[in-house]
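So the structure is just underneath, and the comments pick up after that.
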2 protein chains.
Amino acid sequence: MNNRQTKPETLIARPDADGNRIDGNQRAIRDAIRDAIVDRRLMPGTKLTETDVGALFNVSRTLVRGALQALVHEGLVTVERNRGAFVANPSPEEARQIFATRRIIEPGILTEAARHMTPSHFRQLREQLVDEGRLMSERGQSARRAEIKASGDFHLMIAAMTGNAVMQRFMDELIARSSLVISLYGQSTVSSCGHSEHTEIVDAIEAGQLDRASRLMVHHIHHIEADLDLRIRRANELRDVLLP
Amino acid sequence: MNNRQTKPETLIARPDADGNRIDGNQRAIRDAIRDAIVDRRLMPGTKLTETDVGALFNVSRTLVRGALQALVHEGLVTVERNRGAFVANPSPEEARQIFATRRIIEPGILTEAARHMTPSHFRQLREQLVDEGRLMSERGQSARRAEIKASGDFHLMIAAMTGNAVMQRFMDELIARSSLVISLYGQSTVSSCGHSEHTEIVDAIEAGQLDRASRLMVHHIHHIEADLDLRIRRANELRDVLLP
DNA sequence: AAAAGCCCGATTGTATACGATCTGGCGGAT
DNA sequence: ATCCGCCAGATCGTATACAATCGGGCTTTT
């Protein structure tokens, strides 16, 4: 390893940019890894060696371990004792549970959010829909990644409008894990059905038809799940396949 | 504000006893602190000095920090940079959000759980109701603690019956935080209304009246919240009161 | 040559070391 | 007497050290 003492210099996020002395160094690592997982830059099963990650960010294993532990709590990383941390490789069953949970929570979130929505909120949602539409028409790997992310952002946006931080955190976790599941089991062919459904949901909310909006939301989540192929398991680590 | 240490009892979980080399030493610390918080042995605002906790369990600060970080993630502990960790002191607003979340989630959990319930599950629930009733008739501080815990266990038991681990973990967190809130804001006089409501809910489920059961559940959660006095803030740390 | 056993490197688990930051008291200046 | 600044103790944040464990390759044996 190299010398970290000689000069405290250049830490991770914003090396010396803003002076606000970012406490969240560990947080920055966690967010970087999470983004990489959700964006499919880190495939499920990838080993996250503490030393390697630390070297990437120029920090010691201490901070890396903290970040990894947080990600374990969020369900994006798994650890095996004395073997290390890996990008989570959710089973089909786990995938089903995630979407089942979303079907239970999101209609309620939608109803609660609707009670707080102002015209400004609707404007925000409409902008989001436009972005989604644009990404949908594009082709290519990166556009698809962005589309998955944008689709999740729509749901997160509604959750944020409840003003309920507790629910918001649950949704953050559910969306992140959903993205991971879609990365794993999504059929590359489709996934475009979501956009029009989002639009319908916003229309229904704006029309005051909350029951209809809730029903649409449940169907929408069901459609997302139906677009997956949960029969096969896309494991990149033989370990999971060979000794279950 | 004294602590439980009648004796620091050497190590935490099986120091060197059994050979199965329990990995979960950090987990044991986390669980011990969590139980202490939920059981009101640790009052909100209490400082959790890493060295002190480590000394109690005969481990280094490393493991203590890990345990505390996990509890931060669960919302039971807060940390202030360079000042340390404290037992969480949820604000009235936070309390409202916790119960609002429960009202959104629990009817759905109940409906989902009902789909998996067998006679054995109902037997388990009935036993739980008996325990609650017994605790309700007792008096004293420890009985009240046990009653709060038992009341939470009822809700957790239903969540467990969904077979959905994701939801189960959310509920674990919600119940733990609810216990903390009740400790803080609960009026010592009442709290007994919950038991009969639990019974009604089980009756409704068993009768196949899921809609009614869900409605009862929402009302029940509302009653728990109504029994709180969220006007005043029972803060033991002036910090929170004087500079919000 | 194939199989079994052993050793070594890699990686994790835990403890400790060291610098940074906050808190509170003491003493001098006004 | 009061206020301000300095110093010391306590505690945190991060890095590093050391021990335990795992897995793979090499050697040895048959």
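Residue numbering restarts at 1 for every chain of the structure tokens, chains are lettered A, B, ... in their displayed order, and ligands are numbered from 1 as they appear.
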Exercise. Specify as a ChimeraX atom specification all residues of chain A found within 8 Å of chain D, counting only C-alpha atoms (C1' of nucleotides).
Key: /A:4,60,62-63,82-83
Quiz prompt | chain B on chain A, all Cα pairs in order, RMSD | solution = 4.1 Å
Quiz prompt | DSSP-assigned alpha helix (DSSP H) members of segment 113-244 of chain B, reported as number ranges by chain | solution = B: 113-114, 119-137, 141-160, 165-185, 193-206, 210-226, 238-242
Can those selected residues be exported to a file as a compact mmCIF listing (two decimals), in the first residue's frame so that it contains C-alpha atoms?
```txt
# COMPACT_ATOMS: atom_id res chain seq x y z
CA ALA B 113 -50.86 -12.79 5.45
CA ALA B 114 -54.44 -14.00 5.47
CA PRO B 119 -55.17 -23.25 11.56
CA SER B 120 -51.76 -23.46 13.14
CA HIS B 121 -51.20 -19.79 12.46
CA PHE B 122 -54.48 -18.87 14.08
CA ARG B 123 -53.56 -20.93 17.09
CA GLN B 124 -50.32 -19.01 17.33
CA LEU B 125 -52.17 -15.71 17.17
CA ARG B 126 -54.66 -16.77 19.82
CA GLU B 127 -51.86 -17.71 22.15
CA GLN B 128 -50.33 -14.32 21.60
CA LEU B 129 -53.65 -12.69 22.50
CA VAL B 130 -53.78 -14.65 25.72
CA ASP B 131 -50.31 -13.48 26.66
CA GLU B 132 -51.28 -9.90 25.95
CA GLY B 133 -54.35 -10.17 28.10
CA ARG B 134 -52.35 -11.52 30.98
CA LEU B 135 -49.82 -8.72 30.78
CA MET B 136 -52.61 -6.18 30.53
CA SER B 137 -54.02 -7.18 33.86
CA GLN B 141 -43.24 -0.80 35.05
CA SER B 142 -41.94 -4.09 33.79
CA ALA B 143 -45.40 -5.36 32.94
CA ARG B 144 -46.00 -2.25 30.89
CA ARG B 145 -42.77 -2.76 29.02
CA ALA B 146 -43.71 -6.33 28.33
CA GLU B 147 -47.12 -5.18 27.19
CA ILE B 148 -45.66 -2.75 24.66
CA LYS B 149 -43.40 -5.48 23.42
CA ALA B 150 -46.18 -8.03 23.19
CA SER B 151 -48.36 -5.59 21.32
CA GLY B 152 -45.61 -5.09 18.78
CA ASP B 153 -45.04 -8.81 18.53
CA PHE B 154 -48.63 -9.27 17.46
CA HIS B 155 -48.08 -7.06 14.45
CA LEU B 156 -44.75 -8.70 13.68
CA MET B 157 -46.34 -12.11 13.87
CA ILE B 158 -48.81 -11.19 11.17
CA ALA B 159 -46.03 -9.73 9.04
CA ALA B 160 -44.08 -12.96 9.39
CA ALA B 165 -38.89 -11.21 4.08
CA VAL B 166 -38.73 -7.73 2.59
CA MET B 167 -41.93 -6.62 4.22
CA GLN B 168 -40.96 -8.36 7.39
CA ARG B 169 -37.83 -6.30 7.69
CA PHE B 170 -39.71 -3.08 7.11
CA MET B 171 -42.14 -4.05 9.81
CA ASP B 172 -39.33 -4.92 12.20
CA GLU B 173 -38.04 -1.43 11.83
CA LEU B 174 -41.45 0.19 12.10
CA ILE B 175 -42.35 -1.71 15.24
CA ALA B 176 -39.03 -0.95 16.90
CA ARG B 177 -39.40 2.72 16.18
CA SER B 178 -43.01 2.65 17.29
CA SER B 179 -41.95 1.22 20.61
CA LEU B 180 -39.47 4.03 20.99
CA VAL B 181 -42.14 6.59 20.20
CA ILE B 182 -44.61 5.05 22.61
CA SER B 183 -41.95 5.08 25.30
CA LEU B 184 -41.46 8.76 24.69
CA TYR B 185 -44.95 10.04 24.17
CA CYS B 193 -57.50 -0.55 24.38
CA GLY B 194 -55.17 -2.30 22.04
CA HIS B 195 -55.79 -5.80 23.23
CA SER B 196 -59.47 -6.06 22.40
CA GLU B 197 -58.75 -4.55 19.02
CA HIS B 198 -56.20 -7.22 18.32
CA THR B 199 -58.78 -9.83 19.17
CA GLU B 200 -61.33 -8.26 16.88
CA ILE B 201 -58.83 -8.24 14.06
CA VAL B 202 -58.06 -11.92 14.43
CA ASP B 203 -61.76 -12.68 14.63
CA ALA B 204 -62.39 -10.79 11.42
CA ILE B 205 -59.57 -12.56 9.60
CA GLU B 206 -60.73 -15.94 10.74
CA LEU B 210 -60.62 -9.22 5.22
CA ASP B 211 -62.01 -5.80 4.40
CA ARG B 212 -63.31 -5.46 7.90
CA ALA B 213 -60.04 -6.71 9.34
CA SER B 214 -58.11 -4.16 7.31
CA ARG B 215 -60.35 -1.36 8.46
CA LEU B 216 -59.98 -2.48 12.03
CA MET B 217 -56.23 -2.52 11.62
CA VAL B 218 -56.16 1.04 10.36
CA HIS B 219 -58.34 2.19 13.20
CA HIS B 220 -56.23 0.29 15.65
CA ILE B 221 -53.06 2.01 14.50
CA HIS B 222 -54.86 5.29 14.63
CA HIS B 223 -55.88 4.59 18.21
CA ILE B 224 -52.33 3.82 19.20
CA GLU B 225 -51.26 7.17 17.79
CA ALA B 226 -54.19 8.94 19.40
CA LEU B 238 -31.79 20.34 25.60
CA ARG B 239 -29.91 20.54 22.35
CA ASP B 240 -32.97 19.40 20.46
CA VAL B 241 -35.30 21.79 22.18
CA LEU B 242 -33.23 24.93 22.15
```
Practice problem: Any chance you could list, as number ranges by chain, the residues in segment 45-91 of chain A that come up strand (DSSP E) when DSSP is run on the backbone? | Solution: A: 47-48, 77-80, 84-87
Would you save the residues from that selection as a PDB file, in the first residue's frame, using N, CA and C atoms?
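This went into again.pdb:
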```
ATOM      1  N   LYS A  47     -17.363  -9.610  -7.063  1.00  0.00           N
ATOM      2  CA  LYS A  47     -16.749  -9.517  -5.740  1.00  0.00           C
ATOM      3  C   LYS A  47     -16.281  -8.101  -5.478  1.00  0.00           C
ATOM      4  N   LEU A  48     -16.533  -7.641  -4.297  1.00  0.00           N
ATOM      5  CA  LEU A  48     -16.114  -6.298  -3.913  1.00  0.00           C
ATOM      6  C   LEU A  48     -15.033  -6.422  -2.853  1.00  0.00           C
ATOM      7  N   VAL A  77     -25.994  -5.668  -1.498  1.00  0.00           N
ATOM      8  CA  VAL A  77     -24.721  -6.388  -1.360  1.00  0.00           C
ATOM      9  C   VAL A  77     -24.933  -7.506  -0.357  1.00  0.00           C
ATOM     10  N   THR A  78     -24.263  -8.600  -0.584  1.00  0.00           N
ATOM     11  CA  THR A  78     -24.306  -9.675   0.403  1.00  0.00           C
ATOM     12  C   THR A  78     -22.877  -9.964   0.856  1.00  0.00           C
ATOM     13  N   VAL A  79     -22.737 -10.425   2.064  1.00  0.00           N
ATOM     14  CA  VAL A  79     -21.415 -10.795   2.557  1.00  0.00           C
ATOM     15  C   VAL A  79     -21.442 -12.241   3.018  1.00  0.00           C
ATOM     16  N   GLU A  80     -20.353 -12.911   2.779  1.00  0.00           N
ATOM     17  CA  GLU A  80     -20.183 -14.263   3.286  1.00  0.00           C
ATOM     18  C   GLU A  80     -18.981 -14.241   4.212  1.00  0.00           C
ATOM     19  N   GLY A  84     -16.044 -12.466   1.939  1.00  0.00           N
ATOM     20  CA  GLY A  84     -16.101 -11.125   1.397  1.00  0.00           C
ATOM     21  C   GLY A  84     -17.483 -10.673   0.953  1.00  0.00           C
ATOM     22  N   ALA A  85     -17.504  -9.519   0.294  1.00  0.00           N
ATOM     23  CA  ALA A  85     -18.760  -8.909  -0.125  1.00  0.00           C
ATOM     24  C   ALA A  85     -18.937  -9.077  -1.628  1.00  0.00           C
ATOM     25  N   PHE A  86     -20.185  -9.256  -2.037  1.00  0.00           N
ATOM     26  CA  PHE A  86     -20.501  -9.430  -3.449  1.00  0.00           C
ATOM     27  C   PHE A  86     -21.722  -8.592  -3.798  1.00  0.00           C
ATOM     28  N   VAL A  87     -21.767  -8.147  -5.023  1.00  0.00           N
ATOM     29  CA  VAL A  87     -22.989  -7.504  -5.494  1.00  0.00           C
ATOM     30  C   VAL A  87     -24.108  -8.528  -5.394  1.00  0.00           C
TER      31      VAL A  87
END
```
Practice problem: Give me, please, the distance in Å between atom CA of Gln209 of chain A and atom CA of Met117 of chain A, quoted to one decimal. | Solution: 13.6 Å
Cut-off 7 Å: closest chain C/chain B atom pairs per residue, using only C-alpha atoms (C1' of nucleotides), as JSON lines:
```
{"residue": "C:DA15", "atom": "C1'", "partner": "B:Ser60", "partner_atom": "CA", "distance": 6.2}
{"residue": "C:DT21", "atom": "C1'", "partner": "B:Asn82", "partner_atom": "CA", "distance": 6.4}
{"residue": "C:DC22", "atom": "C1'", "partner": "B:Asn82", "partner_atom": "CA", "distance": 6.9}
```
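Nearest residue to chain A, choosing from B:His116, B:Leu68, B:Arg139, B:Gly186 and counting only C-alpha atoms: B:Leu68.
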List as a tab-separated table every residue of chain B that is in contact with chain A, defined as an atom at most 6 Å from one of its atoms (using only C-alpha atoms), together with the nearest atom pair and the distance in Å rounded to one decimal, sorted by chain and then rising number.
```
residue	atom	partner	partner_atom	distance
B:Gln97	CA	A:Asn164	CA	5.6
B:Ile104	CA	A:Gly108	CA	5.3
B:Ile105	CA	A:Ile105	CA	5.7
B:Gly108	CA	A:Ile104	CA	5.3
B:Asn164	CA	A:Gln97	CA	5.6
```
Emit the selected residues as an mmCIF file, in the first residue's frame, including N, CA and C atoms.
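Here's the written file again-v3.cif:
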```cif
data_model
loop_
_atom_site.group_PDB
_atom_site.id
_atom_site.type_symbol
_atom_site.label_atom_id
_atom_site.label_comp_id
_atom_site.auth_asym_id
_atom_site.auth_seq_id
_atom_site.Cartn_x
_atom_site.Cartn_y
_atom_site.Cartn_z
ATOM 1 N N GLN B 97 -45.068 10.273 11.052
ATOM 2 C CA GLN B 97 -44.703 9.596 9.806
ATOM 3 C C GLN B 97 -44.621 8.095 9.991
ATOM 4 N N ILE B 104 -50.433 2.694 6.106
ATOM 5 C CA ILE B 104 -50.402 2.366 4.682
ATOM 6 C C ILE B 104 -50.033 0.910 4.453
ATOM 7 N N ILE B 105 -49.063 0.447 5.209
ATOM 8 C CA ILE B 105 -48.528 -0.883 4.950
ATOM 9 C C ILE B 105 -49.350 -1.999 5.568
ATOM 10 N N GLY B 108 -52.345 -3.953 3.964
ATOM 11 C CA GLY B 108 -51.876 -4.821 2.880
ATOM 12 C C GLY B 108 -51.189 -6.058 3.414
ATOM 13 N N ASN B 164 -43.026 -12.931 3.395
ATOM 14 C CA ASN B 164 -42.284 -11.949 2.597
ATOM 15 C C ASN B 164 -41.212 -11.301 3.463
#
```
Quiz prompt | Atom pair atom CA of Arg40 of chain A / atom CA of Phe57 of chain A: separation (Å) | solution = 19.6 Å
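In this structure, atom CA of Ala88 of chain B sits 6.1 Å away from atom CA of Gly45 of chain B.
Minimum atom-to-atom distance to Pro90 of chain B, evaluated using only C-alpha atoms, belongs to B:Leu76 out of B:Val38, B:Arg27, B:Asp227, B:Leu76.
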